[in-house]
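Notes to accompany the following structure.
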Amino acid sequence: MSTHLDPITFATGNVIGDRIEGRWITTSNALTRASHGLTLSEKRLIMMAVAQLDSRSNPPDSDLVTEIRATEYAEQFDVDPSTAYRQMTAAADALYERSITFYEAAHHRKIKSKPLEPTRIKMRWVFMAKYHEGEGVIRLGWSPTLLPHLMGLRKQFTSYQLKQASALRSIYSWKLLELLMRFKTTGWAEYTVEDFAESMGATEKQRANFNNIRRKIIDPAIKELTEKDNWIIELTTTKRGRRIRRLRFDFKRNDQLSLDI
C-alpha cells in the first residue's frame, strides 16, 4: 500500500442534478461476478464513489481518495439529508471491514493431470474511511489491489448508469442488474446455479434448494427491475437429471413504457 501523504481526491463539491443523472458505474467483469455481501446502503455508497472514477484512466501511483457528500447521496437515492448521512456513516464503518471474494480459474495448472480447483482471492474495498460529525462528507480510500478492477479498463468490463439503480430497494435487484449488464450487447445472460448463487451472496439455506433462490432472490429482483427500471426479463432453467443446473435470462428494456413515462 502506498504511504503517499497527499492523496488524489475526487470530490463532488455541491454539484447535483444533471451530473448525477449522467454518472456511469464501470467495473471489471471479475468484480461484477465477485461475492460482495454488501447491504443496500453499503452498495449505494461504494457505487456513488465508483461512479466518480474515470474507468479509462490508469490507476494512480499514489493513494486515491473519493469524497461523497450527504446532499448528493440524498438527491441520488431520494432520502432526506439527515437519513443520508446516518446511512453513509454506518456504511463507511462497515465497508472498512468488508472484503471481496474472487475465484480465479486454475485450468492452466494441473496436478497429476487433474485440474485444480479455482483459486480464492480476497481483498478489501477500502483502506480508509474518514468522516467528521456535522460535515456531511465521507471520504473513502481505495484499496490499491482493487483499483485495476475500477480503472484502466479496456475490455471485459460491465457498465451501466447509476440512475438505473437509484430507485432499487433490494441489494438482490441491484446485483441482478449488474449480472445482466455484463451481457447488455447480446440481450441474454447465462450462469450456472452455483455461480449465480455465489455472485448474489445467497445463504446456505437458499443454496440448498433452488426454489428458495427463485422465491427469495430471483423473482423479487425481476419484479423490482420490471417495475422500477422498465425491464422485460424472462428466466429459463436447464436441468441435469432432477436438479436445475443453469439459468438463462433474456432481457430488454421496455422502450415503449420508457417513452410513456
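Each chain of the C-alpha cells is named A, B, ... in the order shown, its residues numbered from 1; ligands are numbered from 1 in display order.
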Closest atom pairs, residues of range 176-199 of chain A within 10 Å of range 153-161 of chain A, only C-alpha atoms, as a tab-separated table:
residue	atom	partner	partner_atom	distance
A:Leu177	CA	A:Tyr160	CA	8.8
A:Glu178	CA	A:Thr158	CA	7.2
A:Leu179	CA	A:Thr158	CA	8.4
A:Leu180	CA	A:Thr158	CA	9.2
A:Met181	CA	A:Thr158	CA	6.2
A:Arg182	CA	A:Thr158	CA	4.9
A:Phe183	CA	A:Thr158	CA	8.2
A:Lys184	CA	A:Thr158	CA	8.8
Mind writing the picked residues with C-alpha atoms as a compact mmCIF listing (two decimals), in the first residue's frame?
# COMPACT_ATOMS: atom_id res chain seq x y z
CA LEU A 177 -28.92 -5.67 -12.85
CA GLU A 178 -25.12 -5.87 -12.83
CA LEU A 179 -25.07 -9.52 -13.85
CA LEU A 180 -27.36 -8.75 -16.77
CA MET A 181 -25.42 -5.66 -17.82
CA ARG A 182 -22.35 -7.82 -18.38
CA PHE A 183 -24.20 -9.03 -21.48
CA LYS A 184 -26.20 -5.96 -22.47
Within 10 Å of range 42-66 of chain A, which residues of range 96-160 of chain A show up? Give each one with its shortest atom-to-atom distance in Å (one decimal) and the two atoms involved, counting only C-alpha atoms, rows by chain then rising residue number, as a tab-separated table.
residue	atom	partner	partner_atom	distance
A:Arg98	CA	A:Glu42	CA	9.6
A:Trp125	CA	A:Ile46	CA	8.4
A:Val126	CA	A:Val65	CA	9.3
A:Phe127	CA	A:Asp63	CA	9.5
A:Met128	CA	A:Val65	CA	8.5
A:Ala129	CA	A:Val65	CA	9.3
A:Lys130	CA	A:Val65	CA	9.8
A:Ile138	CA	A:Thr66	CA	8.2
A:Arg139	CA	A:Thr66	CA	5.5
A:Leu140	CA	A:Thr66	CA	5.3
A:Gly141	CA	A:Val65	CA	4.3
A:Trp142	CA	A:Leu64	CA	5.9
A:Ser143	CA	A:Asp63	CA	8.4
A:Pro144	CA	A:Asp63	CA	7.3
A:Leu146	CA	A:Pro59	CA	9.7
A:Leu147	CA	A:Pro59	CA	6.1
A:Pro148	CA	A:Pro59	CA	6.5
A:His149	CA	A:Ser55	CA	8.9
A:Leu150	CA	A:Ser55	CA	5.8
A:Met151	CA	A:Ser55	CA	4.1
A:Gly152	CA	A:Asn58	CA	4.2
A:Leu153	CA	A:Arg56	CA	5.6
A:Arg154	CA	A:Arg56	CA	7.1
A:Phe157	CA	A:Ser55	CA	9.6
A:Ser159	CA	A:Ser55	CA	9.7
A:Tyr160	CA	A:Ala51	CA	9.7
Practice task
List the neighbours of Ser41 in chain A out to 12 Å using only C-alpha atoms; skip same-chain residues closer than 5 positions along the sequence, and give me the result as a PyMOL selection string.
Solution key: chain A and resi 46-48+73-74+77+79+83-95+166+168-171+174
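With distances restricted to only C-alpha atoms, A:Gly136 is the closest residue to Thr71 in chain A from A:Gly22, A:Gly136, A:Gly187, A:Pro220.
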Practice task
Mind checking which residues fall within 12 Å of Gln206 in chain A, counting only C-alpha atoms, ignoring those fewer than 6 positions away in the same chain, and posting them as number ranges by chain?
Solution key: A: 193-194, 196-198, 200, 212-218
Exercise for the section: Identify all residues of range 33-162 of chain A in alpha helix (DSSP H) (DSSP on the backbone) and supply them as a VMD selection string. Expected result: chain A and resid 33 40 to 50 70 to 77 81 to 97
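Going from CA of Thr27 in chain A to CA of Leu225 in chain A covers 20.3 Å.
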For the interface of range 103-216 of chain A with range 234-250 of chain A (cut-off 6 Å, counting only C-alpha atoms), please tabulate each contacting residue of range 103-216 of chain A alongside its nearest pair of atoms and their separation in Å to one decimal, rows sorted by chain and increasing number, as JSON lines.
{"residue": "A:Gly187", "atom": "CA", "partner": "A:Asp250", "partner_atom": "CA", "distance": 5.9}
{"residue": "A:Trp188", "atom": "CA", "partner": "A:Asp250", "partner_atom": "CA", "distance": 4.3}
{"residue": "A:Ala189", "atom": "CA", "partner": "A:Phe249", "partner_atom": "CA", "distance": 5.2}
{"residue": "A:Glu190", "atom": "CA", "partner": "A:Arg248", "partner_atom": "CA", "distance": 4.3}
{"residue": "A:Tyr191", "atom": "CA", "partner": "A:Leu247", "partner_atom": "CA", "distance": 5.4}
{"residue": "A:Thr192", "atom": "CA", "partner": "A:Arg246", "partner_atom": "CA", "distance": 4.3}
{"residue": "A:Val193", "atom": "CA", "partner": "A:Arg246", "partner_atom": "CA", "distance": 5.4}
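We find CA of Ser35 in chain A and CA of Glu97 in chain A to be spaced 14.6 Å apart.
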Exercise for the section: Select, from A:Ile100, A:Ala165, A:Ile233, A:Leu176, the residue with the minimum atom-to-atom distance to Lys122 in chain A, counting only C-alpha atoms. Expected result: A:Ile100
